[in-house]
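Participant: To be precise about what I am sending: the file is called start.cif and holds mmCIF, C-alpha atoms and all ligand atoms.
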```
data_model
loop_
_atom_site.label_atom_id
_atom_site.label_comp_id
_atom_site.auth_asym_id
_atom_site.auth_seq_id
_atom_site.Cartn_x
_atom_site.Cartn_y
_atom_site.Cartn_z
CA MET A 1 13.36 -5.21 -2.24
CA ILE A 2 10.32 -6.35 -0.19
CA LYS A 3 9.88 -4.66 3.23
CA PRO A 4 10.20 -7.44 5.85
CA LEU A 5 6.90 -8.50 7.41
CA GLY A 6 6.65 -8.33 11.21
CA LEU A 7 5.94 -11.76 12.70
CA GLY A 8 4.33 -12.52 16.05
CA VAL A 9 4.48 -16.17 17.09
CA LEU A 10 1.81 -17.75 19.31
CA GLY A 11 2.64 -21.15 20.87
CA LEU A 12 6.33 -21.87 21.22
CA GLY A 13 6.60 -25.68 21.04
CA GLU A 14 6.52 -26.30 17.27
CA GLY A 15 6.39 -22.49 17.07
CA ARG A 16 10.17 -22.76 17.55
CA SER A 17 10.36 -23.75 13.87
CA ILE A 18 8.67 -20.61 12.54
CA ILE A 19 10.86 -18.48 14.81
CA SER A 20 13.92 -20.12 13.23
CA ALA A 21 12.36 -19.63 9.78
CA GLY A 22 11.68 -15.96 10.50
CA VAL A 23 15.08 -15.07 11.93
CA HIS A 24 16.83 -16.71 8.95
CA SER A 25 14.67 -15.05 6.29
CA PRO A 26 15.40 -11.63 4.79
CA LEU A 27 11.66 -11.29 4.12
CA TRP A 28 10.67 -11.43 7.79
CA GLN A 29 11.40 -9.85 11.14
CA VAL A 30 10.38 -11.72 14.29
CA VAL A 31 8.82 -9.04 16.48
CA CYS A 32 7.32 -10.76 19.50
CA LEU A 33 6.75 -14.25 20.96
CA CYS A 34 3.76 -15.35 23.02
CA ASP A 35 3.12 -18.40 25.18
CA THR A 36 1.27 -18.89 28.46
CA ASN A 37 4.50 -20.57 29.64
CA ALA A 38 6.77 -17.61 30.45
CA ALA A 39 9.84 -19.80 31.08
CA LEU A 40 9.51 -21.31 27.58
CA ALA A 41 9.11 -17.85 26.04
CA GLN A 42 12.30 -16.71 27.80
CA GLU A 43 14.11 -19.84 26.60
CA ARG A 44 13.07 -19.18 22.98
CA CYS A 45 14.09 -15.51 23.22
CA ALA A 46 17.54 -16.56 24.50
CA GLU A 47 17.88 -19.24 21.79
CA PHE A 48 17.15 -16.84 18.93
CA GLY A 49 18.60 -13.61 20.31
CA LEU A 50 15.16 -11.98 20.67
CA ASN A 51 14.08 -9.66 23.45
CA ARG A 52 10.28 -9.35 23.27
CA TYR A 53 7.79 -11.84 24.61
CA THR A 54 4.44 -11.79 26.37
CA THR A 55 2.16 -14.33 28.06
CA ASP A 56 -0.89 -12.30 27.00
CA TYR A 57 -2.12 -12.87 23.44
CA ALA A 58 -4.04 -9.55 23.53
CA GLU A 59 -0.72 -7.74 24.04
CA LEU A 60 0.82 -9.43 21.00
CA LEU A 61 -2.26 -8.52 18.95
CA ALA A 62 -2.12 -4.88 20.06
CA ASP A 63 1.44 -4.51 18.73
CA PRO A 64 1.36 -2.47 15.49
CA ALA A 65 4.73 -3.95 14.43
CA VAL A 66 3.11 -7.39 14.15
CA ASP A 67 1.77 -7.78 10.58
CA VAL A 68 1.24 -11.55 10.69
CA VAL A 69 0.48 -13.92 13.56
CA GLY A 70 1.87 -17.45 13.29
CA ILE A 71 -0.41 -19.77 15.30
CA TYR A 72 1.12 -22.95 16.81
CA THR A 73 -1.12 -23.61 19.81
CA PRO A 74 -2.89 -26.96 20.47
CA ASP A 75 -5.33 -27.93 17.69
CA HIS A 76 -8.57 -27.20 19.61
CA LEU A 77 -7.50 -23.55 20.23
CA HIS A 78 -6.80 -22.61 16.60
CA ALA A 79 -10.31 -21.33 15.73
CA ASP A 80 -10.32 -18.91 18.67
CA HIS A 81 -6.80 -17.72 18.01
CA ILE A 82 -7.39 -17.20 14.27
CA ILE A 83 -10.58 -15.20 14.88
CA GLN A 84 -8.90 -12.99 17.51
CA ALA A 85 -5.96 -12.26 15.18
CA LEU A 86 -8.30 -11.32 12.32
CA HIS A 87 -10.37 -9.07 14.58
CA ALA A 88 -7.11 -7.31 15.49
CA GLY A 89 -6.42 -6.72 11.78
CA LYS A 90 -3.53 -9.18 11.45
CA HIS A 91 -2.78 -11.64 8.66
CA VAL A 92 -2.64 -15.25 9.87
CA ILE A 93 -0.47 -18.26 9.17
CA CYS A 94 -1.98 -21.18 11.10
CA THR A 95 -0.39 -24.60 11.38
CA LYS A 96 -2.30 -27.76 10.47
CA PRO A 97 -4.90 -28.92 11.33
CA PHE A 98 -6.37 -25.51 10.45
CA ILE A 99 -9.30 -26.12 12.81
CA ASP A 100 -10.32 -29.43 14.35
CA ASP A 101 -14.08 -29.32 13.88
CA LEU A 102 -16.45 -27.37 11.65
CA SER A 103 -18.65 -25.79 14.31
CA ARG A 104 -16.81 -22.46 13.96
CA ALA A 105 -15.85 -22.70 10.28
CA ASN A 106 -18.32 -20.04 9.17
CA GLU A 107 -17.21 -17.73 11.95
CA VAL A 108 -13.58 -18.12 10.77
CA LEU A 109 -14.57 -17.43 7.14
CA ALA A 110 -16.68 -14.39 8.12
CA ALA A 111 -13.85 -12.98 10.25
CA GLN A 112 -11.42 -13.43 7.35
CA GLN A 113 -13.76 -11.75 4.87
CA ARG A 114 -14.55 -8.87 7.22
CA SER A 115 -10.87 -8.26 7.96
CA GLY A 116 -9.73 -8.40 4.33
CA LYS A 117 -6.56 -10.06 5.69
CA HIS A 118 -4.90 -13.20 4.37
CA VAL A 119 -5.09 -16.55 6.13
CA MET A 120 -2.79 -19.35 5.02
CA VAL A 121 -2.82 -22.89 6.37
CA GLY A 122 0.71 -24.15 7.11
CA GLN A 123 0.44 -27.44 5.22
CA SER A 124 4.14 -28.02 5.68
CA THR A 125 4.53 -31.14 3.53
CA ARG A 126 3.64 -29.20 0.36
CA PHE A 127 6.75 -27.11 1.10
CA PHE A 128 9.22 -29.97 1.60
CA ALA A 129 11.82 -30.59 -1.15
CA PRO A 130 10.76 -34.07 -2.45
CA PHE A 131 7.08 -33.03 -2.47
CA ILE A 132 7.87 -29.72 -4.22
CA ARG A 133 9.83 -31.67 -6.85
CA GLN A 134 6.99 -34.18 -7.27
CA ARG A 135 4.47 -31.39 -7.80
CA GLN A 136 6.69 -29.67 -10.40
CA HIS A 137 7.30 -33.00 -12.15
CA TYR A 138 3.57 -33.72 -12.25
CA GLU A 139 2.73 -30.20 -13.46
CA SER A 140 5.33 -30.49 -16.23
CA GLY A 141 3.07 -33.16 -17.77
CA ALA A 142 5.91 -35.70 -17.93
CA LEU A 143 4.00 -38.28 -15.87
CA GLY A 144 0.79 -37.87 -17.85
CA GLU A 145 -2.72 -37.81 -16.43
CA LEU A 146 -3.14 -38.86 -12.81
CA VAL A 147 -4.79 -42.25 -12.37
CA THR A 148 -4.58 -42.67 -8.60
CA ILE A 149 -2.77 -41.28 -5.56
CA GLU A 150 -1.72 -43.00 -2.34
CA ALA A 151 -0.63 -40.89 0.62
CA SER A 152 0.39 -42.06 4.04
CA TYR A 153 1.75 -40.65 7.26
CA SER A 154 2.64 -43.35 9.77
CA ALA A 155 5.12 -42.78 12.57
CA ASP A 156 5.78 -43.97 16.09
CA HIS A 157 4.47 -40.85 17.78
CA ARG A 158 4.11 -42.27 21.30
CA TRP A 159 6.53 -39.53 22.43
CA PHE A 160 3.83 -36.98 21.52
CA LEU A 161 1.60 -38.34 24.30
CA SER A 162 3.74 -36.56 26.89
CA LYS A 163 1.90 -33.37 25.84
CA PRO A 164 -1.08 -32.96 28.19
CA TRP A 165 -3.48 -31.92 25.40
CA ALA A 166 -2.78 -35.16 23.46
CA LYS A 167 -4.68 -37.18 26.08
CA GLN A 168 -7.77 -34.99 26.01
CA PRO A 169 -10.85 -36.09 24.05
CA THR A 170 -10.32 -33.05 21.79
CA PHE A 171 -7.05 -34.51 20.43
CA LYS A 172 -7.47 -36.78 17.41
CA TRP A 173 -4.68 -38.18 15.23
CA LEU A 174 -7.22 -37.98 12.43
CA TYR A 175 -6.80 -34.18 12.51
CA GLY A 176 -3.27 -33.91 13.94
CA GLY A 177 -1.73 -36.54 11.62
CA ILE A 178 -3.99 -37.33 8.69
CA SER A 179 -4.32 -33.63 7.88
CA HIS A 180 -0.98 -34.10 6.03
CA PRO A 181 -1.88 -36.95 3.61
CA ALA A 182 -5.48 -35.70 3.28
CA ASP A 183 -4.13 -32.33 2.13
CA LEU A 184 -1.84 -34.05 -0.37
CA ILE A 185 -4.83 -35.93 -1.80
CA ARG A 186 -6.82 -32.68 -2.19
CA TRP A 187 -3.76 -30.97 -3.75
CA TYR A 188 -3.92 -33.46 -6.62
CA LEU A 189 -7.62 -34.39 -6.51
CA PRO A 190 -9.45 -31.25 -5.34
CA ASP A 191 -12.77 -32.85 -6.33
CA VAL A 192 -12.63 -35.67 -3.74
CA CYS A 193 -16.28 -36.18 -2.81
CA GLU A 194 -16.73 -39.45 -0.93
CA VAL A 195 -14.85 -41.49 1.66
CA MET A 196 -15.00 -44.83 3.37
CA GLY A 197 -12.68 -46.05 6.08
CA TYR A 198 -11.98 -47.73 9.35
CA ALA A 199 -10.26 -46.59 12.54
CA TYR A 200 -8.86 -48.42 15.54
CA LEU A 201 -7.28 -47.47 18.88
CA SER A 202 -4.26 -49.72 19.40
CA SER A 203 -3.25 -51.14 22.77
CA ASN A 204 -0.04 -49.05 22.55
CA GLY A 205 -2.08 -45.89 22.13
CA ARG A 206 -4.51 -46.82 24.89
CA ALA A 207 -1.59 -47.58 27.24
CA GLY A 208 -0.15 -44.14 26.44
CA GLY A 209 -3.42 -42.47 27.46
CA LEU A 210 -4.97 -41.82 24.03
CA VAL A 211 -8.76 -41.87 23.96
CA ASN A 212 -9.32 -41.60 20.19
CA PRO A 213 -8.10 -43.94 17.42
CA ASP A 214 -4.47 -43.96 16.30
CA THR A 215 -4.78 -46.29 13.29
CA TYR A 216 -6.64 -45.43 10.06
CA HIS A 217 -7.17 -46.71 6.53
CA PHE A 218 -9.34 -44.85 4.02
CA VAL A 219 -10.41 -45.09 0.39
CA LEU A 220 -11.54 -41.87 -1.28
CA LYS A 221 -13.43 -41.18 -4.49
CA ALA A 222 -13.37 -38.03 -6.63
CA ALA A 223 -16.22 -36.63 -8.72
CA SER A 224 -14.25 -37.68 -11.82
CA GLY A 225 -14.44 -41.32 -10.61
CA LYS A 226 -10.73 -41.42 -9.71
CA ILE A 227 -9.87 -43.09 -6.44
CA ALA A 228 -7.22 -42.54 -3.77
CA ARG A 229 -5.96 -44.09 -0.55
CA VAL A 230 -4.88 -42.62 2.79
CA THR A 231 -3.24 -44.40 5.72
CA GLY A 232 -2.12 -43.17 9.16
CA VAL A 233 -0.75 -45.21 12.08
CA TYR A 234 0.67 -43.37 15.09
CA SER A 235 1.49 -45.65 18.05
CA CYS A 236 3.42 -48.52 16.45
CA PRO A 237 7.06 -49.11 15.57
CA THR A 238 7.88 -48.55 11.90
CA VAL A 239 9.91 -50.61 9.43
CA PRO A 240 13.38 -49.31 8.39
CA GLU A 241 13.19 -46.07 6.41
CA GLU A 242 15.10 -47.70 3.52
CA ARG A 243 11.91 -49.68 2.92
CA ASP A 244 9.15 -47.35 4.00
CA SER A 245 9.00 -43.64 4.72
CA PRO A 246 6.93 -42.18 7.56
CA MET A 247 5.36 -39.81 5.03
CA THR A 248 4.91 -40.80 1.41
CA CYS A 249 2.96 -39.64 -1.60
CA ILE A 250 2.72 -41.93 -4.63
CA LEU A 251 1.28 -40.70 -7.92
CA ARG A 252 0.39 -43.41 -10.44
CA CYS A 253 -0.19 -41.70 -13.77
CA GLU A 254 -0.83 -42.72 -17.38
CA ARG A 255 2.81 -42.51 -18.51
CA GLY A 256 4.77 -42.75 -15.27
CA ALA A 257 4.76 -43.10 -11.52
CA SER A 258 6.48 -41.17 -8.77
CA GLN A 259 7.04 -41.30 -5.02
CA ALA A 260 8.07 -38.51 -2.64
CA ASP A 261 9.45 -39.64 0.74
CA TYR A 262 9.75 -37.45 3.78
CA HIS A 263 12.62 -37.89 6.28
CA GLU A 264 14.70 -39.63 3.64
CA LEU A 265 14.61 -36.48 1.44
CA ARG A 266 14.06 -38.81 -1.51
CA TYR A 267 12.13 -38.63 -4.77
CA ALA A 268 11.82 -41.63 -7.10
CA TRP A 269 10.18 -41.82 -10.51
CA LYS A 270 9.85 -44.04 -13.55
CA ILE A 271 8.61 -43.07 -17.00
CA GLY A 272 8.88 -45.79 -19.63
CA GLU A 273 12.39 -47.24 -19.38
CA GLN A 274 13.73 -44.11 -17.67
CA ALA A 275 13.95 -44.11 -13.89
CA ALA A 276 15.75 -42.18 -11.15
CA ILE A 277 16.01 -41.89 -7.41
CA GLU A 278 16.84 -38.28 -6.57
CA SER A 279 18.21 -37.25 -3.18
CA PHE A 280 17.84 -33.90 -1.43
CA GLU A 281 20.14 -35.04 1.37
CA ALA A 282 22.34 -31.95 0.87
CA GLN A 283 19.43 -29.86 2.21
CA ARG A 284 19.02 -31.89 5.45
CA ALA A 285 20.53 -29.18 7.67
CA TYR A 286 18.19 -26.59 6.14
CA TYR A 287 15.06 -28.68 6.74
CA PHE A 288 15.88 -30.24 10.12
CA ARG A 289 17.55 -27.70 12.40
CA PHE A 290 16.88 -29.14 15.88
CA GLY A 291 15.05 -31.97 17.64
CA GLY A 292 16.08 -34.61 15.10
CA VAL A 293 13.32 -34.74 12.49
CA SER A 294 10.53 -33.69 14.85
CA HIS A 295 10.61 -29.99 13.86
CA HIS A 296 9.92 -28.42 10.51
CA ALA A 297 11.85 -25.14 10.21
CA GLY A 298 12.88 -25.54 6.56
CA GLU A 299 9.34 -26.24 5.37
CA TYR A 300 8.14 -23.25 7.39
CA GLN A 301 10.82 -20.98 5.94
CA ASN A 302 9.66 -22.04 2.48
CA TYR A 303 6.02 -21.29 3.28
CA ILE A 304 6.55 -17.96 5.07
CA GLU A 305 8.72 -16.76 2.17
CA TYR A 306 6.05 -17.91 -0.29
CA PHE A 307 3.48 -16.01 1.85
CA ALA A 308 5.59 -12.83 1.78
CA ARG A 309 6.12 -13.06 -2.00
CA CYS A 310 2.37 -13.58 -2.56
CA LEU A 311 1.55 -10.47 -0.51
CA ALA A 312 4.14 -8.43 -2.40
CA ARG A 313 2.57 -9.54 -5.72
CA GLY A 314 -0.99 -8.98 -4.49
CA GLU A 315 -1.76 -12.72 -4.70
CA THR A 316 -3.58 -14.98 -2.23
CA PRO A 317 -1.28 -17.48 -0.48
CA LYS A 318 -2.61 -21.05 -0.70
CA PRO A 319 -3.99 -23.11 0.90
CA ASP A 320 -6.21 -20.28 2.14
CA ALA A 321 -9.01 -20.42 4.72
CA ALA A 322 -11.66 -21.63 2.26
CA GLU A 323 -9.46 -24.46 0.96
CA GLY A 324 -8.31 -25.34 4.48
CA ILE A 325 -11.89 -25.61 5.70
CA VAL A 326 -12.81 -28.06 2.94
CA THR A 327 -9.82 -30.19 3.98
CA VAL A 328 -11.13 -30.12 7.57
CA ALA A 329 -14.57 -31.09 6.19
CA LEU A 330 -12.90 -34.01 4.39
CA LEU A 331 -11.32 -35.09 7.71
CA GLN A 332 -14.74 -34.87 9.36
CA THR A 333 -16.23 -36.92 6.50
CA MET A 334 -13.53 -39.54 7.08
CA GLU A 335 -14.34 -39.56 10.79
CA GLU A 336 -18.05 -40.07 10.10
CA SER A 337 -17.29 -43.00 7.86
CA THR A 338 -15.26 -44.66 10.63
CA ILE A 339 -18.15 -44.14 13.06
CA THR A 340 -21.00 -45.23 10.77
CA GLY A 341 -19.10 -47.97 8.92
CA HIS A 342 -20.50 -46.58 5.64
CA PRO A 343 -19.21 -44.39 2.80
CA VAL A 344 -19.95 -40.70 3.52
CA LYS A 345 -20.21 -37.86 1.02
CA LEU A 346 -18.22 -34.67 1.63
CA GLU A 347 -21.23 -32.68 0.48
CA THR A 348 -23.34 -34.06 3.35
CA VAL A 349 -20.88 -32.67 5.88
CA LEU A 350 -20.48 -29.34 4.05
CA ASN A 351 -24.27 -28.92 3.79
CA ARG A 352 -24.79 -29.69 7.46
CA HIS A 353 -22.50 -26.80 8.34
CA GLN A 354 -23.87 -24.45 5.61
CA LEU A 355 -20.47 -24.49 3.90
CA ASN A 356 -21.66 -24.95 0.31
N1 LIG A 401 4.34 -30.34 10.42
C1 LIG A 401 3.69 -29.42 11.09
O1 LIG A 401 3.24 -28.48 10.49
C2 LIG A 401 3.52 -29.53 12.59
C3 LIG A 401 4.42 -30.28 13.36
C4 LIG A 401 4.24 -30.31 14.75
C5 LIG A 401 3.17 -29.64 15.33
N2 LIG A 401 2.31 -28.95 14.53
C6 LIG A 401 1.14 -28.27 15.13
O2 LIG A 401 1.56 -27.25 16.03
C7 LIG A 401 0.57 -27.09 17.05
C8 LIG A 401 1.26 -27.13 18.40
O3 LIG A 401 1.83 -28.41 18.57
P1 LIG A 401 3.10 -28.60 19.53
O4 LIG A 401 3.63 -29.95 19.23
O5 LIG A 401 3.99 -27.44 19.43
O6 LIG A 401 2.38 -28.60 20.96
P2 LIG A 401 3.04 -28.11 22.33
O7 LIG A 401 2.10 -28.52 23.40
O8 LIG A 401 4.47 -28.56 22.39
O9 LIG A 401 3.10 -26.51 22.20
C9 LIG A 401 1.96 -25.72 22.29
C10 LIG A 401 2.34 -24.44 23.06
O10 LIG A 401 1.20 -23.59 23.08
C11 LIG A 401 1.17 -22.97 24.37
N3 LIG A 401 -0.20 -22.53 24.63
C12 LIG A 401 -1.28 -23.29 24.91
N4 LIG A 401 -2.37 -22.52 25.06
C13 LIG A 401 -1.98 -21.24 24.84
C14 LIG A 401 -2.65 -20.00 24.83
N5 LIG A 401 -3.98 -19.93 25.06
N6 LIG A 401 -1.92 -18.89 24.59
C15 LIG A 401 -0.59 -18.95 24.36
N7 LIG A 401 0.10 -20.11 24.34
C16 LIG A 401 -0.59 -21.24 24.58
C17 LIG A 401 1.65 -24.03 25.33
O11 LIG A 401 2.14 -23.47 26.54
C18 LIG A 401 2.75 -24.70 24.51
O12 LIG A 401 4.02 -24.14 24.76
C19 LIG A 401 -0.46 -28.21 16.84
O13 LIG A 401 -1.58 -27.70 16.17
C20 LIG A 401 0.27 -29.20 15.97
O14 LIG A 401 -0.59 -29.96 15.13
C21 LIG A 401 2.48 -28.87 13.19
#
```
As structure tokens - that is how I would like this structure written.
Facilitator:
Amino acid sequence: MIKPLGLGVLGLGEGRSIISAGVHSPLWQVVCLCDTNAALAQERCAEFGLNRYTTDYAELLADPAVDVVGIYTPDHLHADHIIQALHAGKHVICTKPFIDDLSRANEVLAAQQRSGKHVMVGQSTRFFAPFIRQRQHYESGALGELVTIEASYSADHRWFLSKPWAKQPTFKWLYGGISHPADLIRWYLPDVCEVMGYAYLSSNGRAGGLVNPDTYHFVLKAASGKIARVTGVYSCPTVPEERDSPMTCILRCERGASQADYHELRYAWKIGEQAAIESFEAQRAYYFRFGGVSHHAGEYQNYIEYFARCLARGETPKPDAAEGIVTVALLQTMEESTITGHPVKLETVLNRHQLN
């Protein structure tokens, strides 16, 4: 029997999902919540039958019962919050995007190494049923060698623009949204080394107050010569989900092809004459517990339980800080390509930030 890990949660918007994950998991105990918004913290305590909250992050970090801090604050605050947690001797689970620029990447890595604590990036899609199934199917060898991968995350996220930080120049859908499909690409093609792409700010996004692009198409190349594609569109209506999923990962391999779809809880594959469309619909209530499909409690429960099992076995939970930072570097490489209009090498960005 593993001793439950004590969880402190920072940022209680999407942080609601990790609270739900923690209170429903035998491997975790939710110890304390923290948000600068006291009324929200009280609301979350009442919702989950908890009694401890603070508006002061330092107080959460000083609590010896907190083993792990779950960080769900706005993207541009993650680096600071990760470093503070590590300095306080806590393990960290930080939502995506891990950080939103590379200027403090080395500081994050140094803090992690000095602390000897674990840092896991909450790349939630890896922990969602159809994507877990796709990974296992691929690893079984049944599909054969990967030829190419196409990942997309396109959703009408105009509702998100009601959050004040979404209209600041620091908020970029490239990091907030494309961190999902970019991570899926690196999961299958860790040697991605070059990117070209275009970005555009739609009139819908501009009208909503966005200042950075909301529409992206990229082509990526791996050192092996394999190529991949990433798409993200965030301020437009979408076609019916029967025809297109907001989040999709397609693997085209030597012997077969497969597609994992997000909200539809669907996995489809074809190998030779054999084909199937598998449904994980029975798990809908586990994955989506409140707020329609806008919260991610099931994925988070899967990743915090994976984190706890890794610690109990003395293993490093993945993606860790080093892997997460290369994914951020890939996002920055993508951004540079949209700005310069030319292909950009990942290595150029890593070298510039002394990350090689
Ligand atoms: N699939 C996923 O993994 C997923 C889904 C949604 C959001 N997210 C991520 O979660 C993070 C938060 O997004 P959100 O939608 O919950 O935003 P939000 O604005 O709804 O919530 C952020 C919360 O952080 C609090 N906060 C801000 N600064 C703080 C500080 N210094 N100390 C304590 N609390 C502070 C705010 O009061 C707010 O309640 C983002 O990084 C986002 O990308 C991840």
Participant: Write out as CSV a residue-level contact list of chain A versus ligand LIG 401 (chain A) with cut-off 9 Å: for each qualifying residue the closest pair of atoms and the distance in Å to one decimal, counting all atoms listed in the file, rows sorted by chain and residue number upward.
Facilitator:
```
residue,atom,partner,partner_atom,distance
A:Leu10,CA,A:LIG401,C15,5.7
A:Gly11,CA,A:LIG401,O10,3.6
A:Leu12,CA,A:LIG401,O12,4.8
A:Gly13,CA,A:LIG401,O5,3.5
A:Glu14,CA,A:LIG401,O5,3.5
A:Gly15,CA,A:LIG401,O5,6.0
A:Arg16,CA,A:LIG401,O5,8.0
A:Ser17,CA,A:LIG401,C3,8.8
A:Cys34,CA,A:LIG401,C15,5.8
A:Asp35,CA,A:LIG401,N7,3.6
A:Thr36,CA,A:LIG401,N7,4.5
A:Asn37,CA,A:LIG401,O11,4.9
A:Ala38,CA,A:LIG401,O11,8.4
A:Leu40,CA,A:LIG401,O12,6.8
A:Ala41,CA,A:LIG401,O12,8.2
A:Thr54,CA,A:LIG401,C15,9.0
A:Thr55,CA,A:LIG401,C15,6.5
A:Asp56,CA,A:LIG401,N6,7.1
A:Tyr57,CA,A:LIG401,N6,6.1
A:Ile71,CA,A:LIG401,C7,7.6
A:Tyr72,CA,A:LIG401,C7,4.2
A:Thr73,CA,A:LIG401,O10,4.0
A:Pro74,CA,A:LIG401,C19,4.5
A:Asp75,CA,A:LIG401,O13,4.1
A:His76,CA,A:LIG401,O13,7.8
A:Leu77,CA,A:LIG401,N5,7.0
A:His78,CA,A:LIG401,O13,7.3
A:His81,CA,A:LIG401,N5,7.9
A:Cys94,CA,A:LIG401,O13,8.3
A:Thr95,CA,A:LIG401,O1,5.4
A:Lys96,CA,A:LIG401,O14,5.4
A:Pro97,CA,A:LIG401,O14,5.8
A:Phe98,CA,A:LIG401,O13,7.8
A:Ile99,CA,A:LIG401,O13,8.6
A:Gly122,CA,A:LIG401,O1,6.0
A:Gln123,CA,A:LIG401,O1,6.1
A:Ser124,CA,A:LIG401,O1,4.9
A:Thr125,CA,A:LIG401,N1,6.9
A:Phe160,CA,A:LIG401,O4,7.4
A:Ser162,CA,A:LIG401,O7,8.9
A:Lys163,CA,A:LIG401,O7,5.4
A:Pro164,CA,A:LIG401,O7,7.3
A:Trp165,CA,A:LIG401,O7,6.8
A:Ala166,CA,A:LIG401,O7,8.2
A:Tyr175,CA,A:LIG401,O14,8.0
A:Gly176,CA,A:LIG401,O14,4.9
A:Gly177,CA,A:LIG401,O14,7.5
A:Ser179,CA,A:LIG401,O14,8.9
A:His180,CA,A:LIG401,N1,7.9
A:Ser294,CA,A:LIG401,C4,7.1
A:His295,CA,A:LIG401,C3,6.2
A:His296,CA,A:LIG401,N1,5.9
A:Glu299,CA,A:LIG401,N1,8.2
A:Tyr300,CA,A:LIG401,O1,7.8
```
Participant: Considering only C-alpha atoms, state which residue in the set A:Ala129, A:Ala322, A:Ala142, A:Ala58 is at the smallest distance from Ser279 in chain A.
Facilitator: A:Ala129
Participant: Separation of CA of Tyr198 in chain A and CA of Gln354 in chain A, in Å?
Facilitator: 26.4 Å
Participant: Give me, as a list in words, all polymer residues having an atom no more than 8 Å from range 240-252 of chain A, counting all atoms listed in the file and skipping those fewer than 3 positions away in the same chain.
Facilitator: Phe131, Leu146, Val147, Thr148, Ile149, Glu150, Ala151, Ser152, Tyr153, Ser154, Ala155, Pro181, Leu184, Gly256, Ala257, Ser258, Gln259, Ala260, Asp261, Tyr262, His263 and Glu264 of chain A
Participant: Which is closest to Val239 in chain A among A:Gly298, A:His137, A:Arg186, A:Asp156, if we use all atoms listed in the file?
Facilitator: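 Closest to Val239 in chain A of all the choices is A:Asp156.
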Participant: Let me make sure I understand: among A:Arg158, A:Phe280, A:Tyr287, A:Phe307, which one has the smallest atom-to-atom distance to Cys236 in chain A if we use only C-alpha atoms?
Facilitator: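 The answer is A:Arg158, which sits nearest to Cys236 in chain A.
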